[in-house]
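Engineer: The following file, coords-v1.txt, comprises compact mmCIF, C-alpha atoms and all ligand atoms:
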```
# COMPACT_ATOMS: atom_id res chain seq x y z
CA MET A 1410 100.27 106.39 123.69
CA SER A 1411 99.58 109.41 121.58
CA ILE A 1412 101.92 110.43 118.80
CA ARG A 1413 102.16 113.32 116.37
CA ILE A 1414 101.32 112.44 112.77
CA LEU A 1415 101.50 115.08 110.05
CA CYS A 1416 98.26 113.98 108.44
CA PRO A 1417 97.13 116.51 105.81
CA PRO A 1418 93.83 118.34 106.41
CA TYR A 1419 92.19 116.80 103.31
CA VAL A 1420 92.63 113.34 104.84
CA GLN A 1421 91.43 114.49 108.25
CA ALA A 1422 88.32 115.88 106.52
CA VAL A 1423 87.53 112.39 105.21
CA LEU A 1424 88.00 110.83 108.67
CA LYS A 1425 85.76 113.52 110.13
CA ALA A 1426 83.02 112.93 107.55
CA LEU A 1427 82.97 109.24 108.48
CA HIS A 1428 83.16 109.93 112.23
CA ASP A 1429 80.35 112.51 111.99
CA ALA A 1430 78.16 109.86 110.36
CA GLY A 1431 78.81 107.55 113.32
CA HIS A 1432 81.37 105.21 111.72
CA GLU A 1433 84.82 104.15 112.81
CA ALA A 1434 87.54 105.43 110.48
CA TYR A 1435 91.34 105.28 110.68
CA ILE A 1436 94.34 105.98 108.53
CA VAL A 1437 96.01 102.64 107.89
CA GLY A 1438 98.93 100.73 106.40
CA GLY A 1439 101.82 102.41 104.63
CA CYS A 1440 100.94 105.95 105.72
CA VAL A 1441 101.03 104.98 109.42
CA ARG A 1442 104.31 103.08 108.92
CA ASP A 1443 105.94 105.98 107.06
CA SER A 1444 104.66 108.58 109.54
CA LEU A 1445 106.12 106.64 112.45
CA LEU A 1446 109.41 106.42 110.56
CA GLY A 1447 109.35 110.17 110.02
CA THR A 1448 109.14 109.91 106.24
CA VAL A 1449 106.46 111.39 104.01
CA PRO A 1450 103.84 108.81 102.92
CA LYS A 1451 103.13 108.41 99.19
CA ASP A 1452 99.41 108.29 99.84
CA TRP A 1453 96.99 108.11 102.74
CA ASP A 1454 94.56 105.20 102.95
CA VAL A 1455 91.53 105.07 105.18
CA THR A 1456 89.94 101.95 106.66
CA THR A 1457 86.42 102.23 108.00
CA SER A 1458 83.55 100.29 109.53
CA ALA A 1459 81.25 102.01 107.01
CA HIS A 1460 80.07 99.85 104.12
CA PRO A 1461 80.74 101.37 100.69
CA GLU A 1462 77.27 102.93 100.32
CA GLN A 1463 77.56 104.33 103.85
CA THR A 1464 80.93 105.85 102.95
CA GLU A 1465 79.27 107.49 99.95
CA GLN A 1466 76.45 108.85 102.12
CA ALA A 1467 78.84 110.12 104.81
CA ALA A 1468 80.98 111.86 102.19
CA LEU A 1469 77.94 113.38 100.50
CA ALA A 1470 76.65 114.69 103.85
CA SER A 1471 79.99 116.51 104.28
CA GLY A 1472 79.91 117.86 100.74
CA LEU A 1473 82.62 115.52 99.38
CA LYS A 1474 82.42 113.81 95.99
CA THR A 1475 82.96 110.06 95.66
CA PHE A 1476 83.90 107.57 92.95
CA ARG A 1477 83.29 103.83 92.89
CA THR A 1478 86.84 102.87 92.02
CA GLY A 1479 87.11 99.47 93.70
CA ILE A 1480 83.71 98.69 95.05
CA LYS A 1481 84.33 94.93 94.58
CA HIS A 1482 86.97 95.19 97.28
CA GLY A 1483 84.99 97.65 99.37
CA THR A 1484 86.89 100.71 98.20
CA ILE A 1485 85.33 104.12 97.56
CA SER A 1486 87.49 107.03 96.45
CA VAL A 1487 86.60 110.26 98.20
CA LEU A 1488 87.66 113.50 96.58
CA SER A 1489 88.78 115.90 99.29
CA ASP A 1490 90.26 119.29 98.46
CA GLY A 1491 91.12 118.01 94.98
CA VAL A 1492 92.91 114.88 96.22
CA THR A 1493 91.56 111.33 96.16
CA VAL A 1494 91.54 109.34 99.39
CA GLU A 1495 90.75 105.64 99.16
CA CYS A 1496 88.37 104.47 101.87
CA THR A 1497 88.05 100.71 102.26
CA THR A 1498 85.57 98.91 104.46
CA PHE A 1499 87.09 96.70 107.21
CA ARG A 1500 87.39 93.35 105.51
CA ILE A 1501 88.56 89.79 105.83
CA ASP A 1502 89.88 88.21 102.66
CA GLY A 1503 88.11 85.01 101.65
CA ASP A 1504 89.86 81.83 100.59
CA TYR A 1505 92.77 82.27 98.26
CA LYS A 1506 92.95 80.08 95.21
CA ASP A 1507 96.37 79.46 93.63
CA SER A 1508 98.32 82.09 95.61
CA ARG A 1509 96.61 84.92 93.82
CA HIS A 1510 93.66 87.16 94.53
CA PRO A 1511 91.22 86.24 97.27
CA GLU A 1512 88.16 84.46 95.89
CA SER A 1513 85.91 86.84 97.76
CA VAL A 1514 86.08 89.59 100.33
CA LYS A 1515 83.92 89.71 103.40
CA PHE A 1516 83.27 92.84 105.41
CA THR A 1517 83.77 92.74 109.17
CA PRO A 1518 82.89 95.19 111.94
CA SER A 1519 86.31 94.54 113.50
CA LEU A 1520 89.32 96.76 112.85
CA VAL A 1521 91.62 94.11 114.31
CA GLU A 1522 90.37 91.54 111.82
CA ASP A 1523 91.03 94.00 109.04
CA LEU A 1524 94.57 94.56 110.31
CA ALA A 1525 95.09 90.79 110.61
CA ARG A 1526 94.65 90.29 106.84
CA ARG A 1527 97.51 92.68 106.09
CA ASP A 1528 100.90 91.39 105.09
CA PHE A 1529 103.53 92.61 107.56
CA THR A 1530 103.33 93.87 111.14
CA VAL A 1531 104.76 97.25 110.10
CA ASN A 1532 101.91 97.54 107.55
CA ALA A 1533 99.22 96.40 109.98
CA MET A 1534 98.76 99.51 112.07
CA ALA A 1535 95.96 102.06 112.07
CA ALA A 1536 95.76 105.50 113.66
CA VAL A 1537 93.04 107.93 114.63
CA PRO A 1538 93.21 111.50 115.91
CA THR A 1539 92.28 112.05 119.55
CA ALA A 1540 92.02 115.21 121.66
CA ASP A 1541 95.76 115.10 122.44
CA GLY A 1542 97.43 113.56 119.41
CA TRP A 1543 97.10 110.31 117.50
CA GLU A 1544 96.20 106.94 118.92
CA ILE A 1545 97.99 104.05 117.22
CA ILE A 1546 96.17 100.73 116.96
CA ASP A 1547 98.88 98.12 116.76
CA PRO A 1548 97.69 94.62 117.69
CA PHE A 1549 100.62 92.77 116.03
CA GLY A 1550 103.66 94.61 117.35
CA GLY A 1551 104.31 96.78 114.31
CA GLN A 1552 105.86 99.60 116.32
CA ALA A 1553 108.32 97.26 118.02
CA ASP A 1554 109.30 95.81 114.62
CA LEU A 1555 109.67 99.31 113.16
CA GLY A 1556 111.93 100.16 116.09
CA SER A 1557 114.14 97.11 115.59
CA GLY A 1558 114.02 97.25 111.79
CA ILE A 1559 112.28 93.95 111.14
CA ILE A 1560 109.94 92.73 108.41
CA ARG A 1561 107.71 90.05 109.93
CA CYS A 1562 104.50 88.53 108.61
CA VAL A 1563 101.27 89.03 110.49
CA GLY A 1564 100.40 85.50 111.62
CA ASN A 1565 101.87 82.30 110.20
CA PRO A 1566 104.22 83.28 107.37
CA ILE A 1567 103.86 80.01 105.45
CA LYS A 1568 100.11 80.45 105.41
CA ARG A 1569 100.32 84.15 104.54
CA PHE A 1570 102.71 83.58 101.62
CA GLY A 1571 100.57 80.64 100.55
CA GLU A 1572 97.56 82.96 100.31
CA ASP A 1573 99.37 85.49 98.17
CA ALA A 1574 102.91 84.75 97.02
CA LEU A 1575 103.39 88.34 95.88
CA ARG A 1576 103.90 89.12 99.58
CA ILE A 1577 107.28 87.38 99.28
CA LEU A 1578 108.43 90.09 96.88
CA ARG A 1579 106.71 92.82 98.88
CA GLY A 1580 108.68 91.67 101.93
CA VAL A 1581 111.96 91.97 100.05
CA ARG A 1582 110.90 95.34 98.66
CA PHE A 1583 110.07 96.79 102.07
CA ALA A 1584 113.25 95.37 103.60
CA SER A 1585 115.45 96.84 100.88
CA ARG A 1586 113.58 100.13 100.89
CA LEU A 1587 113.73 100.56 104.66
CA GLY A 1588 117.05 98.84 105.27
CA PHE A 1589 115.30 96.29 107.49
CA ALA A 1590 116.14 92.65 108.17
CA ILE A 1591 113.66 89.90 107.38
CA GLU A 1592 112.74 87.98 110.51
CA ASP A 1593 113.92 84.35 110.43
CA LYS A 1594 110.58 82.56 110.23
CA THR A 1595 109.37 84.98 107.58
CA ALA A 1596 112.59 84.51 105.59
CA ASN A 1597 112.40 80.71 105.84
CA ALA A 1598 108.79 80.77 104.74
CA MET A 1599 109.82 82.78 101.66
CA TYR A 1600 111.98 79.84 100.68
CA ALA A 1601 109.25 77.31 101.40
CA ALA A 1602 106.50 79.23 99.59
CA ALA A 1603 108.61 80.52 96.67
CA GLY A 1604 106.98 78.21 94.11
CA GLY A 1605 103.74 80.18 94.53
CA LEU A 1606 105.36 83.03 92.61
CA LYS A 1607 104.90 80.98 89.43
CA SER A 1608 101.18 81.69 89.53
CA ILE A 1609 101.46 85.42 90.22
CA SER A 1610 100.75 87.64 87.24
CA ARG A 1611 103.91 88.92 85.60
CA GLU A 1612 102.59 92.48 85.80
CA ARG A 1613 102.43 92.28 89.61
CA VAL A 1614 105.90 90.73 89.72
CA ARG A 1615 107.23 93.50 87.47
CA GLU A 1616 105.72 96.20 89.69
CA GLU A 1617 107.45 94.76 92.76
CA LEU A 1618 110.71 94.36 90.86
CA MET A 1619 110.52 98.03 89.84
CA GLY A 1620 109.96 98.94 93.50
CA ILE A 1621 112.96 96.84 94.53
CA LEU A 1622 115.09 98.49 91.82
CA GLN A 1623 114.18 101.93 93.17
CA SER A 1624 115.23 101.04 96.70
CA PRO A 1625 118.61 101.97 98.17
CA ASP A 1626 119.82 98.35 98.24
CA PRO A 1627 118.79 96.29 95.21
CA GLU A 1628 122.09 94.38 95.46
CA TRP A 1629 121.04 92.96 98.82
CA ALA A 1630 117.54 92.26 97.45
CA ILE A 1631 118.88 90.29 94.46
CA LYS A 1632 121.23 88.28 96.66
CA THR A 1633 118.45 87.60 99.16
CA MET A 1634 116.09 86.44 96.40
CA LYS A 1635 118.82 84.13 95.11
CA LYS A 1636 119.56 82.77 98.58
CA ARG A 1637 115.88 82.19 99.30
CA GLY A 1638 115.38 80.36 96.01
CA PHE A 1639 113.03 82.66 94.14
CA LEU A 1640 115.19 84.89 91.97
CA LYS A 1641 114.48 82.37 89.19
CA TYR A 1642 110.79 83.21 89.33
CA VAL A 1643 111.52 86.89 88.87
CA PHE A 1644 114.11 86.32 86.14
CA PRO A 1645 113.40 82.95 84.52
CA TYR A 1646 115.78 83.65 81.61
CA ALA A 1647 118.79 85.23 83.27
CA ASP A 1648 120.75 84.75 86.47
CA VAL A 1649 121.55 88.31 87.43
CA THR A 1650 123.19 87.51 90.78
CA ALA A 1651 126.75 88.27 89.74
CA ALA A 1652 125.66 91.45 87.93
CA ALA A 1653 124.10 92.83 91.12
CA ARG A 1654 127.50 94.04 92.31
CA GLY A 1655 127.65 97.77 91.80
CA VAL A 1656 123.96 98.27 91.03
CA ASN A 1657 123.49 100.31 94.23
CA GLU A 1658 125.84 102.95 92.85
CA THR A 1659 123.57 103.59 89.84
CA PRO A 1660 120.70 106.12 90.14
CA ALA A 1661 117.81 104.80 92.25
CA ASP A 1662 115.29 106.88 90.32
CA GLN A 1663 116.10 105.00 87.11
CA PRO A 1664 114.84 101.45 87.59
CA LEU A 1665 115.03 100.64 83.86
CA PHE A 1666 118.68 101.66 83.77
CA ARG A 1667 119.23 99.45 86.80
CA LEU A 1668 117.45 96.59 85.06
CA ALA A 1669 119.75 96.99 82.04
CA PHE A 1670 122.72 97.06 84.45
CA LEU A 1671 121.60 93.72 85.88
CA LEU A 1672 121.11 92.24 82.40
CA TYR A 1673 124.43 93.50 81.08
CA GLY A 1674 125.99 90.04 80.93
CA THR A 1675 122.86 88.41 79.51
CA PRO A 1676 122.79 87.50 75.79
CA ASP A 1677 120.40 89.44 73.51
CA ASP A 1678 117.88 86.62 73.08
CA ALA A 1679 117.53 86.19 76.86
CA VAL A 1680 117.23 89.98 77.26
CA GLN A 1681 114.41 89.90 74.74
CA LYS A 1682 112.70 87.04 76.57
CA THR A 1683 113.12 88.80 79.91
CA VAL A 1684 111.53 92.09 78.86
CA SER A 1685 108.63 90.37 77.14
CA ASP A 1686 108.15 87.94 80.03
CA LEU A 1687 107.90 90.91 82.42
CA LYS A 1688 105.19 92.39 80.18
CA MET A 1689 106.91 95.74 80.06
CA SER A 1690 105.36 98.55 78.03
CA GLY A 1691 106.72 98.91 74.49
CA ALA A 1692 108.55 102.09 75.43
CA ASP A 1693 110.16 100.62 78.56
CA ALA A 1694 111.13 97.37 76.84
CA GLY A 1695 112.54 99.37 73.92
CA PHE A 1696 114.62 101.53 76.26
CA VAL A 1697 116.14 98.52 78.02
CA ARG A 1698 116.80 96.71 74.75
CA THR A 1699 118.40 99.78 73.20
CA LEU A 1700 120.61 100.37 76.24
CA LEU A 1701 121.82 96.80 75.88
CA ALA A 1702 122.16 96.85 72.09
CA PHE A 1703 124.71 99.60 72.68
CA ARG A 1704 126.95 97.04 74.41
CA ALA A 1705 128.21 96.01 70.97
CA GLU A 1706 129.31 99.51 69.87
CA THR A 1707 132.97 100.39 69.51
CA LEU A 1708 133.81 103.46 71.56
CA GLU A 1709 135.98 106.05 69.88
CA SER A 1710 136.08 109.71 70.75
CA SER A 1711 135.29 111.16 67.34
CA PRO A 1712 132.58 113.69 66.45
CA LEU A 1713 131.54 111.63 63.43
CA LEU A 1714 131.07 108.53 65.60
CA ALA A 1715 129.15 110.64 68.12
CA ARG A 1716 126.78 111.82 65.37
CA LYS A 1717 126.34 108.26 64.12
CA MET A 1718 125.46 107.19 67.65
CA ILE A 1719 122.94 109.99 67.96
CA ALA A 1720 121.46 108.97 64.59
CA LYS A 1721 121.14 105.36 65.68
CA TYR A 1722 120.31 105.69 69.38
CA GLY A 1723 118.72 109.12 69.69
CA ASP A 1724 118.06 110.15 73.29
CA VAL A 1725 119.30 106.79 74.53
CA ALA A 1726 122.88 107.48 73.40
CA LEU A 1727 123.86 109.27 76.60
CA PRO A 1728 122.24 106.85 79.08
CA ALA A 1729 123.76 103.99 77.05
CA LEU A 1730 127.19 105.56 77.45
CA SER A 1731 126.50 105.97 81.19
CA LEU A 1732 125.68 102.28 81.39
CA ARG A 1733 129.04 101.37 79.90
CA ALA A 1734 130.69 103.80 82.29
CA ALA A 1735 128.84 102.14 85.18
CA LYS A 1736 130.36 98.87 83.96
CA GLY A 1737 133.81 100.36 84.27
CA GLU A 1738 134.63 101.74 80.82
CA ASP A 1739 136.03 105.22 80.32
CA THR A 1740 133.39 106.96 78.25
CA SER A 1741 133.84 110.52 79.47
CA ALA A 1742 135.45 112.00 76.34
CA LEU A 1743 132.88 110.47 73.99
CA SER A 1744 130.01 111.42 76.33
CA ASP A 1745 131.23 115.03 76.26
CA ILE A 1746 131.26 115.02 72.46
CA VAL A 1747 127.78 113.44 72.26
CA SER A 1748 126.39 116.00 74.74
CA GLU A 1749 127.97 118.83 72.78
CA GLN A 1750 126.53 117.55 69.48
CA LEU A 1751 123.09 117.09 71.01
CA ARG A 1752 123.24 120.63 72.39
CA ALA A 1753 124.22 121.95 68.98
CA GLY A 1754 121.16 120.18 67.50
CA VAL A 1755 123.31 118.36 65.00
CA CYS A 1756 121.73 116.99 61.80
CA VAL A 1757 121.33 113.21 62.00
CA LYS A 1758 118.30 112.51 59.85
CA ILE A 1759 116.80 113.56 56.54
CA ALA A 1760 114.23 115.76 58.28
CA ASP A 1761 117.10 117.75 59.85
CA LEU A 1762 118.58 118.68 56.44
CA ALA A 1763 118.38 122.32 55.35
CA VAL A 1764 116.64 121.16 52.16
CA ASN A 1765 113.58 119.00 51.60
CA GLY A 1766 112.00 117.14 48.70
CA ALA A 1767 110.18 120.23 47.44
CA ASP A 1768 113.46 122.15 47.23
CA LEU A 1769 115.02 119.33 45.20
CA ALA A 1770 111.99 119.12 42.90
CA VAL A 1771 112.48 122.79 42.04
CA ILE A 1772 115.98 122.04 40.68
CA GLY A 1773 114.57 119.20 38.61
CA ILE A 1774 115.19 116.07 40.68
CA PRO A 1775 112.24 113.73 40.17
CA LYS A 1776 110.25 112.53 43.16
CA GLY A 1777 110.49 108.91 44.24
CA ARG A 1778 113.49 106.58 44.50
CA GLU A 1779 115.95 109.00 42.89
CA MET A 1780 115.08 111.83 45.24
CA GLY A 1781 115.35 109.44 48.18
CA SER A 1782 118.83 108.40 47.21
CA VAL A 1783 119.95 112.03 46.71
CA LEU A 1784 118.60 112.95 50.16
CA ASN A 1785 120.43 109.99 51.70
CA ALA A 1786 123.65 111.00 49.97
CA LEU A 1787 123.24 114.57 51.29
CA LEU A 1788 122.68 113.25 54.80
CA ALA A 1789 125.84 111.14 54.61
CA LYS A 1790 127.83 114.24 53.60
CA VAL A 1791 126.31 116.40 56.33
CA MET A 1792 127.03 113.71 58.91
CA GLU A 1793 130.69 113.91 57.84
CA ASP A 1794 130.69 117.69 57.89
CA PRO A 1795 127.80 119.48 59.67
CA ASP A 1796 128.90 122.83 58.19
CA LEU A 1797 127.50 121.71 54.83
CA ASN A 1798 123.96 121.86 56.20
CA GLN A 1799 122.97 125.10 54.46
CA LYS A 1800 120.34 125.37 51.76
CA ASP A 1801 122.46 126.80 48.92
CA VAL A 1802 125.38 124.46 49.61
CA LEU A 1803 123.07 121.42 49.67
CA LEU A 1804 121.24 122.43 46.48
CA ALA A 1805 124.55 122.68 44.66
CA LEU A 1806 125.66 119.33 46.05
CA ALA A 1807 122.33 117.73 45.14
CA ALA A 1808 122.61 118.87 41.52
CA GLU A 1809 126.10 117.40 41.36
CA ILE A 1810 125.08 114.08 42.93
CA TYR A 1811 122.08 113.81 40.59
CA LYS A 1812 124.20 114.53 37.52
CA GLU A 1813 126.73 111.82 38.47
CA LYS A 1814 124.02 109.17 38.81
P1 LIG B 1 103.84 101.87 99.51
O1 LIG B 1 104.48 102.99 100.24
O2 LIG B 1 104.80 101.10 98.68
O3 LIG B 1 102.58 102.24 98.78
P2 LIG B 1 102.06 100.49 101.25
O4 LIG B 1 102.31 99.79 102.55
O5 LIG B 1 101.18 101.68 101.27
O6 LIG B 1 103.46 100.82 100.66
P3 LIG B 1 100.26 99.40 99.31
O7 LIG B 1 100.54 98.39 98.25
O8 LIG B 1 99.90 100.78 98.92
O9 LIG B 1 101.54 99.40 100.27
O10 LIG B 1 99.13 98.77 100.22
C1 LIG B 1 98.53 99.46 101.30
C2 LIG B 1 98.36 98.50 102.47
O11 LIG B 1 97.51 97.42 102.09
C3 LIG B 1 99.62 97.85 102.98
O12 LIG B 1 100.29 98.68 103.92
C4 LIG B 1 99.11 96.59 103.60
O13 LIG B 1 98.55 96.85 104.87
C5 LIG B 1 97.98 96.20 102.67
N1 LIG B 1 98.39 95.31 101.57
C6 LIG B 1 98.72 95.68 100.32
N2 LIG B 1 99.01 94.62 99.56
C7 LIG B 1 98.84 93.54 100.34
C8 LIG B 1 98.96 92.14 100.12
N3 LIG B 1 99.34 91.65 98.94
N4 LIG B 1 98.69 91.33 101.17
C9 LIG B 1 98.30 91.82 102.36
N5 LIG B 1 98.16 93.12 102.62
C10 LIG B 1 98.43 93.98 101.64
MG MG B 2 100.55 102.77 99.49
```
Any chance you could give the structure as structure tokens?
Structural biologist:
Amino acid sequence: MSIRILCPPYVQAVLKALHDAGHEAYIVGGCVRDSLLGTVPKDWDVTTSAHPEQTEQAALASGLKTFRTGIKHGTISVLSDGVTVECTTFRIDGDYKDSRHPESVKFTPSLVEDLARRDFTVNAMAAVPTADGWEIIDPFGGQADLGSGIIRCVGNPIKRFGEDALRILRGVRFASRLGFAIEDKTANAMYAAAGGLKSISRERVREELMGILQSPDPEWAIKTMKKRGFLKYVFPYADVTAAARGVNETPADQPLFRLAFLLYGTPDDAVQKTVSDLKMSGADAGFVRTLLAFRAETLESSPLLARKMIAKYGDVALPALSLRAAKGEDTSALSDIVSEQLRAGVCVKIADLAVNGADLAVIGIPKGREMGSVLNALLAKVMEDPDLNQKDVLLALAAEIYKEK
């Protein structure tokens, strides 16, 4: 059956380079799945019979640059029209030790063997252009499963999850992203193989969790992970099941906000353990922690309080208010005031004052501790009344404060 696939010309150029050199080459995996679903793929991967050096030669012969980005796994990146296309040699994964990476990879001349090592039937399809459209190579029934909305392992699910337990989370991620059901045997095997997730690197777990949080239905995903017995391997320090209610209504493009939403009922020490356990970047961990620190703030619609919040929470003040709103509190009046103050560029730190240390030195205030305490006193006054933030007013005030000390 031939099908239309909107494969960009820069990808077709890579296929052609490999075909011209006498190799088999196909687009494969997620891009075939997404094309058949009518959605735009994130990236286009190529699978080929060419060994890595042959891919390099074929690309060179067609005037395309290459990079050895993942040669250990048989991957060469080909630069085509300014975009990188990953070309991976047909391969069979070697034995898996401890549910993690394969011990070794072995190349194979067989496309079907390459497809057989892939995780789910919907991800195990390849496609190649023909004279009248695209031919889909689908030995495991991926198109049928796409049609009925099913995530099903290629081969024996217990064995496949045993090889790489991350696939358990990938399965949940694809199901919640696509709105698919997980086929029974695959779902039961998730339960049976869940313990393997203990040996998966926390970075890989975090990446899948972030993908799940960006899907349309993280609530279903959390409940499914709980039901199948592996939510505890994703969140060893917090049971977020009850907090999953309502998470779908929060913005899907803000996974960190969604994470904070899930952790809203979790005590600070467990929040801390969770973000460090997930090996989040300092900035991401800080954002989540700050959103949750804001839980303890008293909400009152006053401009002074709004400025104090901006001083303490900076850019996180507004998202933190949104989080409390998402949890059912009425924050609209205070949010309006905070937005207004942010827009006005209100003074909330010493650097925002209309005077600096040099100005104070001119009127005779000595540098060091004394100047620091005068600047802090000025800031406190300006926080109370932003209209005071003018150079002459502050110099007069500073002289007064210094004299009283
Ligand atoms: P996405 O749109 O999220 O990128 P994808 O299907 O392209 O989805 P990738 O992680 O980019 O997923 O992997 C590309 C392909 O490689 C998959 O479609 C699948 O065929 C295969 N694959 C990736 N990870 C695994 C894995 N852990 N086990 C088996 N096959 C995998
Ligand atoms: Mg991909």
Engineer: Quick one: residues within 9 Å of ligand MG 2 (chain B), with only C-alpha atoms and all ligand atoms, as a list in words?
Structural biologist: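 If we count only C-alpha atoms and all ligand atoms, the neighbours of ligand MG 2 (chain B) turn out to be Gly1438, Gly1439, Cys1440, Pro1450, Lys1451, Asp1452, Trp1453 and Asp1454 of chain A.
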Engineer: Quote the spacing between CA of Pro1775 in chain A and CA of Leu1806 in chain A in Å to one decimal place.
Structural biologist: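 Spanning CA of Pro1775 in chain A to CA of Leu1806 in chain A is a straight-line distance of 15.7 Å.
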Engineer: For CA of Ser1710 in chain A and CA of Glu1658 in chain A, determine how far apart the two atoms are, in Å to one decimal place.
Structural biologist: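 Distance reported for this atom pair: 25.3 Å.
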Engineer: What residues of the protein or nucleic acid chains come within 9 Å of ligand LIG 1 (chain B) when you use only C-alpha atoms and all ligand atoms? Reply as a PyMOL selection string.
Structural biologist: chain A and resi 1437-1443+1450-1454+1509-1510+1524-1534+1569-1570+1572-1576+1579+1582-1583+1620
Engineer: To one decimal place, how far is CA of Gln1681 in chain A from CA of Arg1698 in chain A in Å?
Structural biologist: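 Interatomic distance here is 7.2 Å.
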Engineer: Can you find the residues with an atom no farther than 12 Å from (79.9, 103.8, 105.7), counting only C-alpha atoms, and report them as an MDAnalysis selection string?
Structural biologist: chainID A and resid 1423:1424 1426:1434 1455:1470 1483:1485 1487 1496:1499 1516 1518
Engineer: If you count all atoms listed in the file, which residues fall within 7 Å of range 1751-1757 of chain A, apart from same-chain ones fewer than 5 positions away, as a ChimeraX atom specification?
Structural biologist: /A:1716,1719-1720,1762,1792,1795
